[in-house]
$ cat query-v3.pdb   # PDB, C-alpha atoms
ATOM      1  CA  MET X   1      -4.992   0.699 -21.751  1.00  0.00           C
ATOM      2  CA  VAL X   2      -5.837   0.648 -18.065  1.00  0.00           C
ATOM      3  CA  LYS X   3      -7.877   3.604 -16.772  1.00  0.00           C
ATOM      4  CA  SER X   4      -5.742   5.898 -14.637  1.00  0.00           C
ATOM      5  CA  ILE X   5      -6.220   5.597 -10.880  1.00  0.00           C
ATOM      6  CA  TRP X   6      -3.913   8.500 -10.020  1.00  0.00           C
ATOM      7  CA  GLU X   7      -4.526  11.966  -8.623  1.00  0.00           C
ATOM      8  CA  GLU X   8      -2.751  14.586 -10.683  1.00  0.00           C
ATOM      9  CA  SER X   9      -0.253  15.885  -8.163  1.00  0.00           C
ATOM     10  CA  ASN X  10       3.444  16.213  -7.555  1.00  0.00           C
ATOM     11  CA  ASP X  11       3.535  13.766  -4.682  1.00  0.00           C
ATOM     12  CA  GLU X  12       6.577  12.559  -2.739  1.00  0.00           C
ATOM     13  CA  TYR X  13       5.548   8.964  -3.540  1.00  0.00           C
ATOM     14  CA  MET X  14       5.913   9.450  -7.306  1.00  0.00           C
ATOM     15  CA  LEU X  15       9.142   7.872  -8.560  1.00  0.00           C
ATOM     16  CA  GLN X  16      10.964   7.836 -11.895  1.00  0.00           C
ATOM     17  CA  PRO X  17       9.002   6.234 -14.745  1.00  0.00           C
ATOM     18  CA  LEU X  18       8.820   2.460 -14.399  1.00  0.00           C
ATOM     19  CA  THR X  19      10.706   0.383 -16.963  1.00  0.00           C
ATOM     20  CA  ASP X  20      10.711  -3.335 -17.708  1.00  0.00           C
ATOM     21  CA  GLU X  21      14.288  -3.451 -16.377  1.00  0.00           C
ATOM     22  CA  ILE X  22      13.236  -1.995 -12.991  1.00  0.00           C
ATOM     23  CA  VAL X  23      10.366  -4.516 -12.758  1.00  0.00           C
ATOM     24  CA  LYS X  24      12.693  -7.409 -13.623  1.00  0.00           C
ATOM     25  CA  LYS X  25      15.220  -6.349 -10.948  1.00  0.00           C
ATOM     26  CA  ALA X  26      12.484  -6.056  -8.297  1.00  0.00           C
ATOM     27  CA  GLU X  27      10.996  -9.441  -9.191  1.00  0.00           C
ATOM     28  CA  GLU X  28      14.436 -11.072  -9.021  1.00  0.00           C
ATOM     29  CA  LEU X  29      15.299  -9.357  -5.718  1.00  0.00           C
ATOM     30  CA  PHE X  30      12.093 -10.509  -4.009  1.00  0.00           C
ATOM     31  CA  ASN X  31      11.705 -13.771  -5.977  1.00  0.00           C
ATOM     32  CA  VAL X  32       8.150 -12.891  -7.059  1.00  0.00           C
ATOM     33  CA  THR X  33       6.181 -12.296 -10.237  1.00  0.00           C
ATOM     34  CA  LEU X  34       4.215  -9.073  -9.968  1.00  0.00           C
ATOM     35  CA  PRO X  35       0.671  -9.019 -11.385  1.00  0.00           C
ATOM     36  CA  ASP X  36       0.348  -7.490 -14.865  1.00  0.00           C
ATOM     37  CA  SER X  37      -2.425  -5.168 -13.621  1.00  0.00           C
ATOM     38  CA  TYR X  38      -0.133  -3.759 -10.893  1.00  0.00           C
ATOM     39  CA  ILE X  39       2.696  -3.193 -13.375  1.00  0.00           C
ATOM     40  CA  ALA X  40       0.257  -1.498 -15.801  1.00  0.00           C
ATOM     41  CA  ILE X  41      -0.907   1.104 -13.257  1.00  0.00           C
ATOM     42  CA  LEU X  42       2.683   1.760 -12.113  1.00  0.00           C
ATOM     43  CA  LYS X  43       3.736   2.286 -15.739  1.00  0.00           C
ATOM     44  CA  GLN X  44       1.121   5.064 -15.936  1.00  0.00           C
ATOM     45  CA  GLN X  45       2.606   6.670 -12.821  1.00  0.00           C
ATOM     46  CA  ASN X  46       5.169   4.994 -10.591  1.00  0.00           C
ATOM     47  CA  GLY X  47       3.547   5.585  -7.208  1.00  0.00           C
ATOM     48  CA  GLY X  48       1.429   8.357  -5.761  1.00  0.00           C
ATOM     49  CA  GLN X  49      -2.024   9.111  -4.445  1.00  0.00           C
ATOM     50  CA  PRO X  50      -4.992   7.200  -5.884  1.00  0.00           C
ATOM     51  CA  ILE X  51      -8.121   9.114  -6.932  1.00  0.00           C
ATOM     52  CA  CYS X  52     -10.377   6.804  -4.918  1.00  0.00           C
ATOM     53  CA  ASN X  53      -8.748   6.083  -1.591  1.00  0.00           C
ATOM     54  CA  ALA X  54     -11.603   4.266   0.214  1.00  0.00           C
ATOM     55  CA  HIS X  55     -11.763   0.580  -0.677  1.00  0.00           C
ATOM     56  CA  PRO X  56     -14.268  -2.054   0.488  1.00  0.00           C
ATOM     57  CA  SER X  57     -13.303  -4.258   3.416  1.00  0.00           C
ATOM     58  CA  PRO X  58     -15.123  -7.408   4.515  1.00  0.00           C
ATOM     59  CA  VAL X  59     -14.384  -6.586   8.167  1.00  0.00           C
ATOM     60  CA  PRO X  60     -14.648  -3.324  10.150  1.00  0.00           C
ATOM     61  CA  THR X  61     -11.500  -1.181  10.251  1.00  0.00           C
ATOM     62  CA  VAL X  62     -10.379   1.868  12.219  1.00  0.00           C
ATOM     63  CA  TRP X  63     -11.638   4.017   9.302  1.00  0.00           C
ATOM     64  CA  GLY X  64     -15.126   2.587   9.011  1.00  0.00           C
ATOM     65  CA  GLU X  65     -17.449  -0.395   9.166  1.00  0.00           C
ATOM     66  CA  SER X  66     -16.936  -1.431   5.562  1.00  0.00           C
ATOM     67  CA  PHE X  67     -13.860   0.271   4.107  1.00  0.00           C
ATOM     68  CA  VAL X  68     -10.120   0.847   4.436  1.00  0.00           C
ATOM     69  CA  ILE X  69      -8.192   3.957   3.366  1.00  0.00           C
ATOM     70  CA  VAL X  70      -5.203   3.761   1.006  1.00  0.00           C
ATOM     71  CA  GLU X  71      -3.550   7.181   1.086  1.00  0.00           C
ATOM     72  CA  HIS X  72      -0.579   6.350  -1.179  1.00  0.00           C
ATOM     73  CA  ILE X  73       0.740   3.508  -3.277  1.00  0.00           C
ATOM     74  CA  LYS X  74       4.504   3.155  -3.296  1.00  0.00           C
ATOM     75  CA  GLY X  75       6.200   2.729  -6.653  1.00  0.00           C
ATOM     76  CA  ILE X  76       9.007   0.385  -7.647  1.00  0.00           C
ATOM     77  CA  GLY X  77      12.534   1.716  -7.516  1.00  0.00           C
ATOM     78  CA  SER X  78      15.633   1.930  -5.377  1.00  0.00           C
ATOM     79  CA  GLY X  79      17.426   4.532  -3.343  1.00  0.00           C
ATOM     80  CA  ASN X  80      14.205   6.230  -2.226  1.00  0.00           C
ATOM     81  CA  ARG X  81      12.461   5.662   1.112  1.00  0.00           C
ATOM     82  CA  ASN X  82       9.098   5.763  -0.692  1.00  0.00           C
ATOM     83  CA  SER X  83       9.850   2.847  -3.013  1.00  0.00           C
TER      84      SER X  83
END

$ encode --input "query-v3.pdb" --output "structure tokens"
Amino acid sequence: MVKSIWEESNDEYMLQPLTDEIVKKAEELFNVTLPDSYIAILKQQNGGQPICNAHPSPVPTVWGESFVIVEHIKGIGSGNRNS
């Protein structure tokens, strides 16, 4: 089991629970194979706000000399502007 990365909140970026069928449709639509680790965290919670939102960056960004901010991660789904 992958450790949860998600804040416990009712966030507008949280979508319906992710199923294998939804993943398959997305992969076919975009002609990609999504990484297993990405699918695993989205099966815990399909989108939302990560607990740790500052991630290392090898180059300076508008947020800081050595990090970038990720405020939300969009889930996989359809019919929602946050998917």

$ resolve_selection --input "query-v3.pdb" --expression "the PyMOL selection byres ((chain X and resi 20) around 12)" --output "ChimeraX atom specification"
/X:17-19,21-27,34,36,39-40,42-43,76-77

$ residues_near_point --input "query-v3.pdb" --point "(3.9, 9.0, -2.4)" --cutoff "8 Å" --atoms "only C-alpha atoms" --output "PyMOL selection string"
chain X and resi 11-14+47-49+72-75+82

$ closest_residue --input "query-v3.pdb" --among "X:Ile51, X:Ile41, X:Val32, X:Val68" --to "Glu7 of chain X" --atoms "all atoms listed in the file"
X:Ile51

$ resolve_selection --input "query-v3.pdb" --expression "the PyMOL selection byres ((chain X and resi 55) around 8)" --output "PDB file with C-alpha atoms, in the coordinates of the input"
ATOM      1  CA  CYS X  52     -10.377   6.804  -4.918  1.00  0.00           C
ATOM      2  CA  ASN X  53      -8.748   6.083  -1.591  1.00  0.00           C
ATOM      3  CA  ALA X  54     -11.603   4.266   0.214  1.00  0.00           C
ATOM      4  CA  PRO X  56     -14.268  -2.054   0.488  1.00  0.00           C
ATOM      5  CA  SER X  57     -13.303  -4.258   3.416  1.00  0.00           C
ATOM      6  CA  PHE X  67     -13.860   0.271   4.107  1.00  0.00           C
ATOM      7  CA  VAL X  68     -10.120   0.847   4.436  1.00  0.00           C
ATOM      8  CA  ILE X  69      -8.192   3.957   3.366  1.00  0.00           C
ATOM      9  CA  VAL X  70      -5.203   3.761   1.006  1.00  0.00           C
TER      10      VAL X  70
END

$ atom_distance --input "query-v3.pdb" --atom1 "atom CA of Leu15 of chain X" --atom2 "atom CA of Asn46 of chain X"
5.3 Å

$ closest_residue --input "query-v3.pdb" --among "X:Gln16, X:Ser37, X:Leu29, X:Gln44" --to "Ser4 of chain X" --atoms "only C-alpha atoms"
X:Gln44

$ decode --input "query-v3.pdb" --residues "segment 28-76 of chain X" --atoms "N, CA and C atoms" --output "short mmCIF file (atom, residue, chain, number, x, y, z; two decimals), in the first residue's frame"
data_model
loop_
_atom_site.label_atom_id
_atom_site.label_comp_id
_atom_site.auth_asym_id
_atom_site.auth_seq_id
_atom_site.Cartn_x
_atom_site.Cartn_y
_atom_site.Cartn_z
N GLU X 28 -6.58 5.02 -23.21
CA GLU X 28 -6.94 4.86 -24.62
C GLU X 28 -7.16 6.22 -25.28
N LEU X 29 -7.85 7.13 -24.59
CA LEU X 29 -8.14 8.45 -25.14
C LEU X 29 -6.86 9.22 -25.47
N PHE X 30 -5.89 9.17 -24.57
CA PHE X 30 -4.65 9.93 -24.74
C PHE X 30 -3.49 9.10 -25.30
N ASN X 31 -3.75 7.81 -25.56
CA ASN X 31 -2.74 6.90 -26.11
C ASN X 31 -1.46 6.90 -25.26
N VAL X 32 -1.65 6.70 -23.95
CA VAL X 32 -0.55 6.66 -22.99
C VAL X 32 -0.75 5.49 -22.04
N THR X 33 0.30 5.13 -21.33
CA THR X 33 0.22 4.21 -20.21
C THR X 33 0.63 4.99 -18.98
N LEU X 34 -0.31 5.16 -18.06
CA LEU X 34 -0.02 5.93 -16.85
C LEU X 34 0.82 5.11 -15.88
N PRO X 35 1.73 5.76 -15.16
CA PRO X 35 2.58 5.05 -14.20
C PRO X 35 1.75 4.40 -13.08
N ASP X 36 2.14 3.21 -12.68
CA ASP X 36 1.45 2.50 -11.60
C ASP X 36 1.40 3.33 -10.32
N SER X 37 2.49 4.07 -10.02
CA SER X 37 2.52 4.86 -8.78
C SER X 37 1.48 5.98 -8.82
N TYR X 38 1.27 6.58 -9.98
CA TYR X 38 0.27 7.64 -10.14
C TYR X 38 -1.14 7.07 -9.96
N ILE X 39 -1.39 5.93 -10.59
CA ILE X 39 -2.70 5.27 -10.45
C ILE X 39 -2.95 4.89 -8.99
N ALA X 40 -1.92 4.41 -8.30
CA ALA X 40 -2.07 3.99 -6.90
C ALA X 40 -2.49 5.16 -6.00
N ILE X 41 -1.87 6.34 -6.17
CA ILE X 41 -2.27 7.46 -5.31
C ILE X 41 -3.65 7.99 -5.68
N LEU X 42 -4.03 7.91 -6.97
CA LEU X 42 -5.36 8.36 -7.37
C LEU X 42 -6.44 7.35 -6.98
N LYS X 43 -6.06 6.09 -6.75
CA LYS X 43 -7.04 5.13 -6.24
C LYS X 43 -7.30 5.36 -4.75
N GLN X 44 -6.34 5.95 -4.03
CA GLN X 44 -6.58 6.33 -2.64
C GLN X 44 -7.58 7.48 -2.58
N GLN X 45 -7.36 8.45 -3.44
CA GLN X 45 -8.24 9.63 -3.53
C GLN X 45 -8.03 10.19 -4.94
N ASN X 46 -9.10 10.34 -5.67
CA ASN X 46 -9.00 10.73 -7.08
C ASN X 46 -8.95 12.25 -7.21
N GLY X 47 -7.78 12.80 -6.90
CA GLY X 47 -7.54 14.23 -6.98
C GLY X 47 -7.70 14.92 -5.64
N GLY X 48 -7.12 16.11 -5.53
CA GLY X 48 -7.23 16.88 -4.30
C GLY X 48 -5.96 17.63 -3.98
N GLN X 49 -5.84 17.98 -2.71
CA GLN X 49 -4.70 18.76 -2.24
C GLN X 49 -3.69 17.85 -1.55
N PRO X 50 -2.43 17.86 -2.00
CA PRO X 50 -1.42 17.04 -1.33
C PRO X 50 -1.02 17.62 0.03
N ILE X 51 -0.62 16.75 0.94
CA ILE X 51 -0.17 17.18 2.27
C ILE X 51 1.06 18.07 2.13
N CYS X 52 2.05 17.60 1.40
CA CYS X 52 3.27 18.37 1.17
C CYS X 52 3.16 19.00 -0.21
N ASN X 53 3.08 20.32 -0.26
CA ASN X 53 2.87 20.95 -1.56
C ASN X 53 4.11 21.66 -2.10
N ALA X 54 5.22 21.63 -1.38
CA ALA X 54 6.47 22.21 -1.87
C ALA X 54 7.39 21.07 -2.29
N HIS X 55 7.77 21.06 -3.55
CA HIS X 55 8.60 19.98 -4.09
C HIS X 55 9.90 20.54 -4.65
N PRO X 56 11.01 19.82 -4.48
CA PRO X 56 12.30 20.31 -4.95
C PRO X 56 12.30 20.62 -6.45
N SER X 57 13.06 21.64 -6.81
CA SER X 57 13.23 22.02 -8.20
C SER X 57 14.72 22.28 -8.44
N PRO X 58 15.26 21.78 -9.54
CA PRO X 58 16.67 22.00 -9.82
C PRO X 58 16.99 23.43 -10.27
N VAL X 59 15.96 24.19 -10.59
CA VAL X 59 16.14 25.57 -11.04
C VAL X 59 15.24 26.49 -10.21
N PRO X 60 15.61 27.75 -10.03
CA PRO X 60 14.76 28.69 -9.29
C PRO X 60 13.39 28.85 -9.96
N THR X 61 12.37 29.06 -9.14
CA THR X 61 11.01 29.26 -9.63
C THR X 61 10.46 30.55 -9.03
N VAL X 62 9.25 30.92 -9.41
CA VAL X 62 8.64 32.12 -8.84
C VAL X 62 8.32 31.94 -7.36
N TRP X 63 8.28 30.69 -6.86
CA TRP X 63 7.98 30.43 -5.46
C TRP X 63 9.22 30.43 -4.59
N GLY X 64 10.35 30.08 -5.14
CA GLY X 64 11.56 30.00 -4.34
C GLY X 64 12.76 29.56 -5.15
N GLU X 65 13.92 29.61 -4.52
CA GLU X 65 15.17 29.24 -5.18
C GLU X 65 15.27 27.76 -5.50
N SER X 66 14.61 26.92 -4.68
CA SER X 66 14.83 25.49 -4.86
C SER X 66 13.56 24.64 -4.79
N PHE X 67 12.39 25.27 -4.95
CA PHE X 67 11.17 24.47 -4.89
C PHE X 67 10.07 25.05 -5.78
N VAL X 68 9.07 24.20 -6.04
CA VAL X 68 7.88 24.58 -6.79
C VAL X 68 6.67 24.15 -5.94
N ILE X 69 5.59 24.90 -6.04
CA ILE X 69 4.38 24.59 -5.28
C ILE X 69 3.39 23.83 -6.17
N VAL X 70 2.82 22.76 -5.63
CA VAL X 70 1.74 22.02 -6.28
C VAL X 70 0.54 22.12 -5.35
N GLU X 71 -0.40 23.00 -5.70
CA GLU X 71 -1.55 23.24 -4.82
C GLU X 71 -2.59 22.13 -4.90
N HIS X 72 -2.80 21.57 -6.10
CA HIS X 72 -3.79 20.51 -6.30
C HIS X 72 -3.28 19.56 -7.37
N ILE X 73 -3.76 18.32 -7.27
CA ILE X 73 -3.51 17.34 -8.32
C ILE X 73 -4.89 16.96 -8.86
N LYS X 74 -5.05 17.10 -10.16
CA LYS X 74 -6.34 16.76 -10.76
C LYS X 74 -6.47 15.24 -10.90
N GLY X 75 -7.66 14.75 -10.66
CA GLY X 75 -7.94 13.33 -10.79
C GLY X 75 -8.27 12.96 -12.23
N ILE X 76 -8.63 11.71 -12.43
CA ILE X 76 -8.99 11.19 -13.74
C ILE X 76 -10.49 10.99 -13.77
#
